[in-house]
>>> print(open('input-v5.cif').read())   # mmCIF, C-alpha atoms
data_final
loop_
_atom_site.group_PDB
_atom_site.id
_atom_site.type_symbol
_atom_site.label_atom_id
_atom_site.label_comp_id
_atom_site.auth_asym_id
_atom_site.auth_seq_id
_atom_site.Cartn_x
_atom_site.Cartn_y
_atom_site.Cartn_z
ATOM 1 C CA MET A 18 153.292 16.581 -50.386
ATOM 2 C CA ILE A 19 152.739 19.719 -48.342
ATOM 3 C CA LEU A 20 148.982 19.418 -48.884
ATOM 4 C CA LEU A 21 149.026 15.832 -47.639
ATOM 5 C CA TYR A 22 151.050 16.923 -44.614
ATOM 6 C CA THR A 23 148.508 19.677 -43.827
ATOM 7 C CA PHE A 24 145.662 17.206 -44.222
ATOM 8 C CA PHE A 25 147.232 14.728 -41.779
ATOM 9 C CA ALA A 26 148.044 17.513 -39.336
ATOM 10 C CA SER A 27 144.401 18.643 -39.358
ATOM 11 C CA PHE A 28 143.268 15.034 -39.059
ATOM 12 C CA ILE A 29 145.379 14.530 -35.918
ATOM 13 C CA TYR A 30 144.240 17.869 -34.491
ATOM 14 C CA SER A 31 140.568 16.954 -35.024
ATOM 15 C CA PHE A 32 141.019 13.549 -33.426
ATOM 16 C CA LEU A 33 142.920 14.816 -30.387
ATOM 17 C CA VAL A 34 140.699 17.850 -29.795
ATOM 18 C CA ALA A 35 137.585 15.668 -29.746
ATOM 19 C CA LEU A 36 139.331 13.180 -27.447
ATOM 20 C CA GLY A 37 140.478 15.962 -25.121
ATOM 21 C CA ILE A 38 137.040 17.553 -24.938
ATOM 22 C CA VAL A 39 135.390 14.296 -23.905
ATOM 23 C CA LEU A 40 138.141 13.292 -21.452
ATOM 24 C CA GLY A 41 138.520 16.740 -19.893
ATOM 25 C CA ALA A 42 134.808 17.315 -19.515
ATOM 26 C CA SER A 43 134.265 13.873 -17.991
ATOM 27 C CA VAL A 44 137.171 14.026 -15.549
ATOM 28 C CA PHE A 45 136.271 17.495 -14.325
ATOM 29 C CA ALA A 46 132.614 16.490 -14.085
ATOM 30 C CA GLY A 47 133.870 13.626 -11.896
ATOM 31 C CA ILE A 48 135.656 16.102 -9.598
ATOM 32 C CA GLY A 49 132.453 18.129 -9.445
ATOM 33 C CA ALA A 50 130.499 14.988 -8.583
ATOM 34 C CA ILE A 51 132.854 14.232 -5.679
ATOM 35 C CA ILE A 52 132.381 17.796 -4.371
ATOM 36 C CA ASN A 53 128.587 17.527 -4.778
ATOM 37 C CA ASN A 54 128.427 14.072 -3.150
ATOM 38 C CA HIS A 55 127.228 12.335 -6.295
ATOM 39 C CA PRO A 56 128.567 9.078 -7.764
ATOM 40 C CA PRO A 57 131.597 10.235 -9.817
ATOM 41 C CA LEU A 58 131.946 7.374 -12.285
ATOM 42 C CA LYS A 59 128.277 7.480 -13.231
ATOM 43 C CA THR A 60 128.504 11.260 -13.685
ATOM 44 C CA MET A 61 131.630 10.845 -15.803
ATOM 45 C CA LEU A 62 129.995 8.263 -18.042
ATOM 46 C CA ASP A 63 126.814 10.319 -18.409
ATOM 47 C CA MET A 64 128.838 13.412 -19.230
ATOM 48 C CA ALA A 65 131.042 11.547 -21.726
ATOM 49 C CA SER A 66 128.060 10.131 -23.600
ATOM 50 C CA SER A 67 126.163 13.431 -23.658
ATOM 51 C CA ILE A 68 129.145 15.558 -24.664
ATOM 52 C CA LYS A 69 130.310 13.284 -27.484
ATOM 53 C CA ILE A 70 128.325 15.035 -30.203
ATOM 54 C CA TRP A 71 129.340 18.486 -28.913
ATOM 55 C CA ALA A 72 132.966 17.391 -28.932
ATOM 56 C CA VAL A 73 132.600 16.493 -32.607
ATOM 57 C CA ALA A 74 131.018 19.863 -33.343
ATOM 58 C CA ALA A 75 133.628 21.787 -31.361
ATOM 59 C CA ALA A 76 136.551 19.862 -32.857
ATOM 60 C CA MET A 77 135.259 20.657 -36.338
ATOM 61 C CA GLY A 78 135.447 24.341 -35.422
ATOM 62 C CA GLY A 79 131.697 24.797 -35.355
ATOM 63 C CA THR A 80 129.199 22.788 -37.357
ATOM 64 C CA PHE A 81 128.515 25.405 -40.040
ATOM 65 C CA ASN A 82 132.081 25.666 -41.286
ATOM 66 C CA SER A 83 132.359 22.072 -42.395
ATOM 67 C CA LEU A 84 128.774 22.023 -43.669
ATOM 68 C CA GLU A 85 129.550 25.041 -45.787
ATOM 69 C CA ILE A 86 132.562 23.294 -47.287
ATOM 70 C CA ILE A 87 130.526 20.157 -47.966
ATOM 71 C CA GLU A 88 127.825 22.272 -49.606
ATOM 72 C CA LYS A 89 130.411 23.986 -51.808
ATOM 73 C CA GLY A 90 131.877 20.638 -52.693
ATOM 74 C CA LEU A 91 128.502 19.227 -53.619
ATOM 75 C CA PHE A 92 127.306 22.118 -55.753
ATOM 76 C CA LYS A 93 130.602 23.201 -57.280
ATOM 77 C CA GLY A 94 131.906 19.707 -57.851
ATOM 78 C CA GLU A 95 134.893 19.852 -55.477
ATOM 79 C CA LEU A 96 135.022 16.196 -54.544
ATOM 80 C CA LYS A 97 138.407 16.561 -52.858
ATOM 81 C CA SER A 98 137.094 18.946 -50.193
ATOM 82 C CA ILE A 99 134.122 16.677 -49.474
ATOM 83 C CA ILE A 100 136.449 13.719 -48.865
ATOM 84 C CA LYS A 101 138.654 15.881 -46.693
ATOM 85 C CA GLN A 102 135.733 17.042 -44.558
ATOM 86 C CA ALA A 103 134.389 13.522 -44.303
ATOM 87 C CA ALA A 104 137.813 12.368 -43.091
ATOM 88 C CA TYR A 105 137.869 15.142 -40.469
ATOM 89 C CA ILE A 106 134.385 14.199 -39.298
ATOM 90 C CA VAL A 107 135.442 10.561 -39.026
ATOM 91 C CA ALA A 108 138.534 11.631 -37.049
ATOM 92 C CA THR A 109 136.476 13.685 -34.594
ATOM 93 C CA LEU A 110 133.897 10.927 -34.196
ATOM 94 C CA TRP A 111 136.693 8.465 -33.629
ATOM 95 C CA GLY A 112 138.346 10.737 -31.047
ATOM 96 C CA ALA A 113 135.102 11.402 -29.195
ATOM 97 C CA ASN A 114 134.239 7.717 -29.115
ATOM 98 C CA MET A 115 137.710 6.815 -27.929
ATOM 99 C CA GLY A 116 137.316 9.325 -25.089
ATOM 100 C CA TYR A 117 134.062 7.672 -24.082
ATOM 101 C CA LYS A 118 135.662 4.230 -24.326
ATOM 102 C CA LEU A 119 138.565 5.350 -22.129
ATOM 103 C CA ILE A 120 136.154 6.549 -19.437
ATOM 104 C CA ASN A 121 134.310 3.253 -19.766
ATOM 105 C CA LEU A 122 137.643 1.490 -19.320
ATOM 106 C CA ILE A 123 137.895 2.875 -15.753
ATOM 107 C CA LYS A 124 134.653 1.092 -14.920
ATOM 108 C CA ARG A 125 135.900 -2.136 -16.457
ATOM 109 C CA CYS A 126 139.232 -1.891 -14.630
ATOM 110 C CA GLY A 127 137.345 -1.278 -11.382
ATOM 111 C CA ASP A 128 135.218 -4.344 -12.014
ATOM 112 C CA THR A 129 138.294 -6.449 -12.650
ATOM 113 C CA TRP A 130 140.465 -5.190 -9.806
ATOM 114 C CA LEU A 131 137.998 -4.726 -7.011
ATOM 115 C CA LYS A 132 135.740 -7.745 -7.493
ATOM 116 C CA MET B 28 175.683 44.624 -26.702
ATOM 117 C CA VAL B 29 172.094 43.525 -26.328
ATOM 118 C CA LYS B 30 171.098 42.802 -22.807
ATOM 119 C CA ILE B 31 169.062 39.661 -22.446
ATOM 120 C CA LYS B 32 165.902 40.385 -20.525
ATOM 121 C CA ASN B 33 165.268 37.922 -17.733
ATOM 122 C CA ASN B 34 161.582 36.946 -17.806
ATOM 123 C CA PHE B 35 161.917 34.363 -15.071
ATOM 124 C CA LYS B 36 159.659 35.288 -12.158
ATOM 125 C CA PRO B 37 159.961 32.796 -9.277
ATOM 126 C CA PRO B 38 156.664 33.546 -7.443
ATOM 127 C CA SER B 39 154.494 33.222 -10.559
ATOM 128 C CA CYS B 40 156.300 30.041 -11.590
ATOM 129 C CA PHE B 41 155.785 28.633 -8.108
ATOM 130 C CA ILE B 42 152.072 29.469 -8.092
ATOM 131 C CA THR B 43 151.612 28.020 -11.589
ATOM 132 C CA GLY B 44 153.371 24.848 -10.470
ATOM 133 C CA ILE B 45 151.149 24.552 -7.407
ATOM 134 C CA ILE B 46 147.971 25.049 -9.462
ATOM 135 C CA ILE B 47 149.037 22.524 -12.095
ATOM 136 C CA GLY B 48 150.062 20.090 -9.364
ATOM 137 C CA LEU B 49 146.712 20.517 -7.621
ATOM 138 C CA ILE B 50 144.807 19.893 -10.843
ATOM 139 C CA CYS B 51 146.929 16.848 -11.725
ATOM 140 C CA GLY B 52 146.581 15.454 -8.200
ATOM 141 C CA THR B 53 142.827 15.992 -8.118
ATOM 142 C CA VAL B 54 142.414 14.356 -11.527
ATOM 143 C CA PHE B 55 144.606 11.417 -10.507
ATOM 144 C CA PHE B 56 142.758 10.800 -7.258
ATOM 145 C CA THR B 57 139.370 11.255 -8.907
ATOM 146 C CA LEU B 58 140.252 8.548 -11.410
ATOM 147 C CA LEU B 59 141.637 6.377 -8.616
ATOM 148 C CA VAL B 60 138.707 6.542 -6.215
ATOM 149 C CA CYS B 61 135.747 7.125 -8.532
ATOM 150 C CA TYR B 62 134.962 3.445 -8.916
ATOM 151 C CA ARG B 63 135.042 2.826 -5.162
ATOM 152 C CA ILE B 64 132.797 5.832 -4.458
ATOM 153 C CA ASP B 65 130.347 4.607 -7.084
ATOM 154 C CA ASP B 66 130.385 1.198 -5.454
ATOM 155 C CA TYR B 67 129.613 2.755 -2.059
ATOM 156 C CA CYS B 68 126.838 4.885 -3.577
ATOM 157 C CA GLU B 69 125.270 1.758 -5.084
ATOM 158 C CA ASN B 70 125.497 -0.027 -1.753
ATOM 159 C CA ILE B 71 123.917 2.915 0.073
ATOM 160 C CA LYS B 72 121.078 3.075 -2.441
ATOM 161 C CA TYR B 73 120.485 -0.676 -2.130
ATOM 162 C CA LEU B 74 120.510 -0.521 1.679
ATOM 163 C CA GLU B 75 118.141 2.456 1.643
ATOM 164 C CA THR B 76 115.645 0.520 -0.447
ATOM 165 C CA VAL B 77 116.000 -2.485 1.867
ATOM 166 C CA ILE B 78 115.358 -0.250 4.903
ATOM 167 C CA GLU B 79 112.321 1.344 3.249
ATOM 168 C CA ASP B 80 110.951 -2.080 2.395
ATOM 169 C CA LYS B 81 111.530 -3.393 5.910
ATOM 170 C CA ASP B 82 110.017 -0.255 7.460
ATOM 171 C CA ALA B 83 106.885 -0.673 5.374
ATOM 172 C CA ARG B 84 106.626 -4.316 6.406
ATOM 173 C CA LEU B 85 107.204 -3.407 10.055
ATOM 174 C CA VAL B 86 104.411 -0.828 9.981
ATOM 175 C CA GLN B 87 102.037 -3.418 8.518
ATOM 176 C CA LEU B 88 103.071 -6.018 11.083
ATOM 177 C CA GLU B 89 102.648 -3.590 13.958
ATOM 178 C CA LYS B 90 99.155 -2.798 12.734
ATOM 179 C CA SER B 91 98.250 -6.480 12.567
ATOM 180 C CA ILE B 92 99.525 -7.270 16.090
ATOM 181 C CA ASN B 93 96.856 -7.669 18.716
ATOM 182 C CA LYS B 94 97.125 -4.567 20.900
ATOM 183 C CA ASN B 95 95.634 -6.265 24.008
ATOM 184 C CA LYS B 96 98.684 -8.494 24.359
ATOM 185 C CA PHE B 97 101.777 -7.160 26.035
ATOM 186 C CA ILE B 98 104.487 -7.854 23.500
ATOM 187 C CA LEU B 99 108.227 -7.223 23.681
ATOM 188 C CA GLU B 100 108.945 -4.625 21.023
ATOM 189 C CA ASP B 101 112.521 -3.528 21.554
ATOM 190 C CA ILE B 102 115.693 -4.157 23.503
ATOM 191 C CA GLU B 103 117.765 -1.406 25.057
ATOM 192 C CA ILE B 104 121.234 -2.180 26.314
ATOM 193 C CA TYR B 105 123.190 0.004 28.706
ATOM 194 C CA LEU B 106 126.860 -0.781 29.070
ATOM 195 C CA GLU B 107 128.835 0.194 32.120
ATOM 196 C CA ASN B 108 132.633 0.634 32.233
ATOM 197 C CA MET B 109 132.867 1.298 28.499
ATOM 198 C CA ASP B 110 134.430 4.400 26.974
ATOM 199 C CA GLN B 111 134.991 3.669 23.312
ATOM 200 C CA GLU B 112 131.932 4.123 21.112
ATOM 201 C CA LEU B 113 133.057 1.636 18.491
ATOM 202 C CA ASP B 114 133.571 -1.128 21.077
ATOM 203 C CA LYS B 115 130.228 -0.238 22.627
ATOM 204 C CA LEU B 116 128.494 -0.730 19.296
ATOM 205 C CA THR B 117 130.178 -4.109 18.819
ATOM 206 C CA PHE B 118 129.095 -5.244 22.289
ATOM 207 C CA LYS B 119 125.552 -3.987 21.776
ATOM 208 C CA LYS B 120 125.307 -5.783 18.442
ATOM 209 C CA PHE B 121 126.554 -9.028 19.979
ATOM 210 C CA ILE B 122 124.139 -8.802 22.926
ATOM 211 C CA LYS B 123 121.177 -7.793 20.767
ATOM 212 C CA GLU B 124 121.800 -10.825 18.559
ATOM 213 C CA LYS B 125 121.510 -13.042 21.646
ATOM 214 C CA TYR B 126 118.184 -11.488 22.633
ATOM 215 C CA SER B 127 116.732 -11.016 19.149
ATOM 216 C CA SER B 128 114.603 -14.166 19.405
ATOM 217 C CA LEU B 129 112.666 -12.605 22.305
ATOM 218 C CA ILE B 130 111.283 -9.736 20.217
ATOM 219 C CA GLY B 131 107.647 -10.304 19.339
ATOM 220 C CA LYS B 132 107.014 -12.674 22.277
ATOM 221 C CA GLU B 133 104.498 -11.955 25.003
ATOM 222 C CA VAL B 134 106.182 -10.406 28.051
ATOM 223 C CA ASN B 135 104.355 -12.762 30.470
ATOM 224 C CA SER B 136 105.824 -15.776 28.724
ATOM 225 C CA ILE B 137 109.431 -14.588 29.068
ATOM 226 C CA ASP B 138 111.318 -15.848 32.088
ATOM 227 C CA ALA B 139 113.383 -13.015 33.588
ATOM 228 C CA ASP B 140 115.928 -15.375 35.189
ATOM 229 C CA MET B 141 116.540 -17.134 31.913
ATOM 230 C CA THR B 142 116.874 -13.782 30.198
ATOM 231 C CA VAL B 143 119.617 -12.803 32.629
ATOM 232 C CA GLU B 144 121.351 -16.176 32.231
ATOM 233 C CA ILE B 145 121.664 -15.706 28.469
ATOM 234 C CA ILE B 146 124.362 -13.075 28.870
ATOM 235 C CA ASP B 147 125.434 -13.225 32.519
ATOM 236 C CA ASP B 148 129.069 -14.299 33.113
ATOM 237 C CA ARG B 149 129.685 -14.651 29.411
ATOM 238 C CA ILE B 150 133.166 -14.018 28.062
ATOM 239 C CA PHE B 151 133.406 -11.862 24.969
ATOM 240 C CA LYS B 152 136.542 -11.626 22.847
ATOM 241 C CA LEU B 153 137.248 -8.364 21.072
ATOM 242 C CA SER B 154 140.559 -7.630 19.294
ATOM 243 C CA ASN B 155 142.547 -10.208 21.322
ATOM 244 C CA LYS B 156 141.150 -8.974 24.624
ATOM 245 C CA GLU B 157 138.687 -10.802 26.786
ATOM 246 C CA TYR B 158 135.804 -9.126 28.544
ATOM 247 C CA GLN B 159 133.434 -10.587 31.081
ATOM 248 C CA LEU B 160 129.812 -9.474 31.011
ATOM 249 C CA LYS B 161 127.752 -9.184 34.169
ATOM 250 C CA VAL B 162 124.079 -8.238 34.193
ATOM 251 C CA THR B 163 123.489 -5.684 36.948
ATOM 252 C CA ARG B 164 119.881 -4.697 36.314
ATOM 253 C CA LEU B 165 117.003 -5.762 34.120
ATOM 254 C CA ILE B 166 113.646 -4.104 33.504
ATOM 255 C CA MET B 167 111.073 -5.817 31.348
ATOM 256 C CA THR B 168 108.092 -3.923 30.004
ATOM 257 C CA ASN B 169 107.250 -3.775 26.304
ATOM 258 C CA ILE B 170 110.895 -2.745 26.076
ATOM 259 C CA LEU B 171 113.574 -4.930 27.610
ATOM 260 C CA LYS B 172 116.184 -2.776 29.359
ATOM 261 C CA ILE B 173 119.392 -4.421 30.465
ATOM 262 C CA TRP B 174 122.323 -2.873 32.292
ATOM 263 C CA ILE B 175 125.520 -4.804 31.773
ATOM 264 C CA LYS B 176 128.845 -4.324 33.494
ATOM 265 C CA VAL B 177 131.833 -5.050 31.274
ATOM 266 C CA SER B 178 134.967 -5.991 33.116
ATOM 267 C CA PRO B 179 138.202 -6.440 31.157
ATOM 268 C CA GLY B 180 140.768 -9.189 31.721
ATOM 269 C CA LYS B 181 140.660 -12.942 31.752
ATOM 270 C CA ALA B 182 137.755 -14.539 33.599
ATOM 271 C CA SER B 183 138.413 -16.445 36.763
ATOM 272 C CA PHE B 184 136.827 -19.608 35.420
ATOM 273 C CA ASP B 185 136.871 -21.523 32.189
ATOM 274 C CA LEU B 186 133.777 -22.352 30.223
#
>>> encode(input="input-v5.cif", output="structure tokens")
Amino acid sequence: MILLYTFFASFIYSFLVALGIVLGASVFAGIGAIINNHPPLKTMLDMASSIKIWAVAAAMGGTFNSLEIIEKGLFKGELKSIIKQAAYIVATLWGANMGYKLINLIKRCGDTWLK
Amino acid sequence: MVKIKNNFKPPSCFITGIIIGLICGTVFFTLLVCYRIDDYCENIKYLETVIEDKDARLVQLEKSINKNKFILEDIEIYLENMDQELDKLTFKKFIKEKYSSLIGKEVNSIDADMTVEIIDDRIFKLSNKEYQLKVTRLIMTNILKIWIKVSPGKASFDL
């Protein structure tokens, strides 16, 4: 029970950290774009799409950690840890993609409201 | 008895609040205006390309024009009795539109009296006020220069 609880806690952490990285980076890039006289929404979208993969890596706590665990799982037969890591990777990918989708939502809302 | 240490420091709390407020406000307004700014940027880019295209065409047209003919190239409008720049621009735009058909014509073929009549004694409405235009001077070379007196108030006659 405790193990399951820890797993879900890590799952939520991974998801939210990835989401936060993408959202934070994009929004602050948007502020920077306004200061630099560049189009903010375009900058935000570019930043969100380019930072997605880094958000996944950062949310996993560095790429090598999880790869190491997967390697151990593969060669020592620990299937449980492989599934766990795969779930964390899915959570981070999901979070990062949701961050990108949320930034994209601003564009869609703008299209709907202003036109 | 253990004395409870008071860690509350008003100035640092105040500064933290201000910084957090600034960040939240900036983020909020960035999200609010980013789409509009992008829209303006797109418009500016589009207009810049249109201007570049038109400039290139203009250069080609100017090259192809016969230089021996005396052709009206531009119109300059001088407004008298006007203080506000924004109103001036509106008037100039309106008057230039009236004379735009003359550009490109040979100067000899343009009748000066008719040119004056186009705008003379006209009544122009701007933000619920009426202005009467009166041409005071006109010089026609390859550039048409017109001095126009703008007098506010209702005109003494009806059109």
>>> interface_residues(input="input-v5.cif", of="chain A", to="chain B", cutoff="7 Å", atoms="only C-alpha atoms", output="ChimeraX atom specification")
/A:44,47-48,56-58,124,127
>>> resolve_selection(input="input-v5.cif", expression="the PyMOL selection byres ((chain A and resi 27) around 12)", output="list in words")
Leu20, Leu21, Tyr22, Thr23, Phe24, Phe25, Ala26, Phe28, Ile29, Tyr30, Ser31, Phe32, Leu33, Val34, Ala76, Met77, Gly78, Lys101, Gln102, Ala104, Tyr105, Ile106, Ala108 and Thr109 of chain A
>>> write_last_selection(input="input-v5.cif", atoms="C-alpha atoms", output="compact mmCIF listing (two decimals), keeping the file's coordinate frame")
# COMPACT_ATOMS: atom_id res chain seq x y z
CA LEU A 20 148.98 19.42 -48.88
CA LEU A 21 149.03 15.83 -47.64
CA TYR A 22 151.05 16.92 -44.61
CA THR A 23 148.51 19.68 -43.83
CA PHE A 24 145.66 17.21 -44.22
CA PHE A 25 147.23 14.73 -41.78
CA ALA A 26 148.04 17.51 -39.34
CA PHE A 28 143.27 15.03 -39.06
CA ILE A 29 145.38 14.53 -35.92
CA TYR A 30 144.24 17.87 -34.49
CA SER A 31 140.57 16.95 -35.02
CA PHE A 32 141.02 13.55 -33.43
CA LEU A 33 142.92 14.82 -30.39
CA VAL A 34 140.70 17.85 -29.80
CA ALA A 76 136.55 19.86 -32.86
CA MET A 77 135.26 20.66 -36.34
CA GLY A 78 135.45 24.34 -35.42
CA LYS A 101 138.65 15.88 -46.69
CA GLN A 102 135.73 17.04 -44.56
CA ALA A 104 137.81 12.37 -43.09
CA TYR A 105 137.87 15.14 -40.47
CA ILE A 106 134.38 14.20 -39.30
CA ALA A 108 138.53 11.63 -37.05
CA THR A 109 136.48 13.68 -34.59
>>> resolve_selection(input="input-v5.cif", expression="the PyMOL selection byres ((chain B and resi 105) around 9)", output="ChimeraX atom specification")
/B:103-104,106-107,119,172-176
>>> residues_around(input="input-v5.cif", residues="A:Ile87", least_positions_apart="4", cutoff="12 Å", atoms="all atoms listed in the file", output="mmCIF file with C-alpha atoms, in the coordinates of the input")
data_model
loop_
_atom_site.group_PDB
_atom_site.id
_atom_site.type_symbol
_atom_site.label_atom_id
_atom_site.label_comp_id
_atom_site.auth_asym_id
_atom_site.auth_seq_id
_atom_site.Cartn_x
_atom_site.Cartn_y
_atom_site.Cartn_z
ATOM 1 C CA THR A 80 129.199 22.788 -37.357
ATOM 2 C CA PHE A 81 128.515 25.405 -40.040
ATOM 3 C CA ASN A 82 132.081 25.666 -41.286
ATOM 4 C CA SER A 83 132.359 22.072 -42.395
ATOM 5 C CA LEU A 91 128.502 19.227 -53.619
ATOM 6 C CA PHE A 92 127.306 22.118 -55.753
ATOM 7 C CA LYS A 93 130.602 23.201 -57.280
ATOM 8 C CA GLY A 94 131.906 19.707 -57.851
ATOM 9 C CA GLU A 95 134.893 19.852 -55.477
ATOM 10 C CA LEU A 96 135.022 16.196 -54.544
ATOM 11 C CA LYS A 97 138.407 16.561 -52.858
ATOM 12 C CA SER A 98 137.094 18.946 -50.193
ATOM 13 C CA ILE A 99 134.122 16.677 -49.474
ATOM 14 C CA ILE A 100 136.449 13.719 -48.865
ATOM 15 C CA LYS A 101 138.654 15.881 -46.693
ATOM 16 C CA GLN A 102 135.733 17.042 -44.558
ATOM 17 C CA ALA A 103 134.389 13.522 -44.303
ATOM 18 C CA ALA A 104 137.813 12.368 -43.091
ATOM 19 C CA TYR A 105 137.869 15.142 -40.469
ATOM 20 C CA ILE A 106 134.385 14.199 -39.298
#
>>> atom_distance(input="input-v5.cif", atom1="atom CA of B:Asp80", atom2="atom CA of B:Lys123")
21.8 Å
>>> closest_residue(input="input-v5.cif", among="B:Leu153, B:Ile46, B:Leu99, B:Ile146", to="B:Gly131", atoms="only C-alpha atoms")
B:Leu99
>>> resolve_selection(input="input-v5.cif", expression="the PyMOL selection byres ((chain B and resi 178) around 6)", output="PDB file with C-alpha atoms, in the frame of the given file")
ATOM      1  CA  TYR B 158     135.804  -9.126  28.544  1.00  0.00           C
ATOM      2  CA  GLN B 159     133.434 -10.587  31.081  1.00  0.00           C
ATOM      3  CA  VAL B 177     131.833  -5.050  31.274  1.00  0.00           C
ATOM      4  CA  PRO B 179     138.202  -6.440  31.157  1.00  0.00           C
TER       5      PRO B 179
END
>>> atom_distance(input="input-v5.cif", atom1="atom CA of A:Glu88", atom2="atom CA of A:Leu110")
20.1 Å
>>> residues_near_point(input="input-v5.cif", point="(132.8, 14.6, -29.3)", cutoff="9 Å", atoms="all atoms listed in the file", output="number ranges by chain")
A: 34-39, 65-76, 109-114, 116-117
>>> atom_distance(input="input-v5.cif", atom1="atom CA of A:Lys118", atom2="atom CA of A:Ala46")
16.3 Å
>>> residues_around(input="input-v5.cif", residues="B:Ile145", least_positions_apart="4", cutoff="12 Å", atoms="all atoms listed in the file", output="list in words")
Phe121, Ile122, Lys123, Glu124, Lys125, Tyr126, Ser127, Ser128, Leu129, Asp138, Ala139, Asp140, Met141, Arg149, Ile150, Leu160, Lys161, Val162 and Ile173 of chain B
>>> residues_near_point(input="input-v5.cif", point="(105.6, -14.8, 26.9)", cutoff="12 Å", atoms="all atoms listed in the file", output="ChimeraX atom specification")
/B:96-99,128-139,142,167-169
>>> write_last_selection(input="input-v5.cif", atoms="C-alpha atoms", output="short mmCIF file (atom, residue, chain, number, x, y, z; two decimals), in the frame of the given file")
data_model
loop_
_atom_site.label_atom_id
_atom_site.label_comp_id
_atom_site.auth_asym_id
_atom_site.auth_seq_id
_atom_site.Cartn_x
_atom_site.Cartn_y
_atom_site.Cartn_z
CA LYS B 96 98.68 -8.49 24.36
CA PHE B 97 101.78 -7.16 26.04
CA ILE B 98 104.49 -7.85 23.50
CA LEU B 99 108.23 -7.22 23.68
CA SER B 128 114.60 -14.17 19.40
CA LEU B 129 112.67 -12.60 22.30
CA ILE B 130 111.28 -9.74 20.22
CA GLY B 131 107.65 -10.30 19.34
CA LYS B 132 107.01 -12.67 22.28
CA GLU B 133 104.50 -11.96 25.00
CA VAL B 134 106.18 -10.41 28.05
CA ASN B 135 104.36 -12.76 30.47
CA SER B 136 105.82 -15.78 28.72
CA ILE B 137 109.43 -14.59 29.07
CA ASP B 138 111.32 -15.85 32.09
CA ALA B 139 113.38 -13.02 33.59
CA THR B 142 116.87 -13.78 30.20
CA MET B 167 111.07 -5.82 31.35
CA THR B 168 108.09 -3.92 30.00
CA ASN B 169 107.25 -3.78 26.30
#
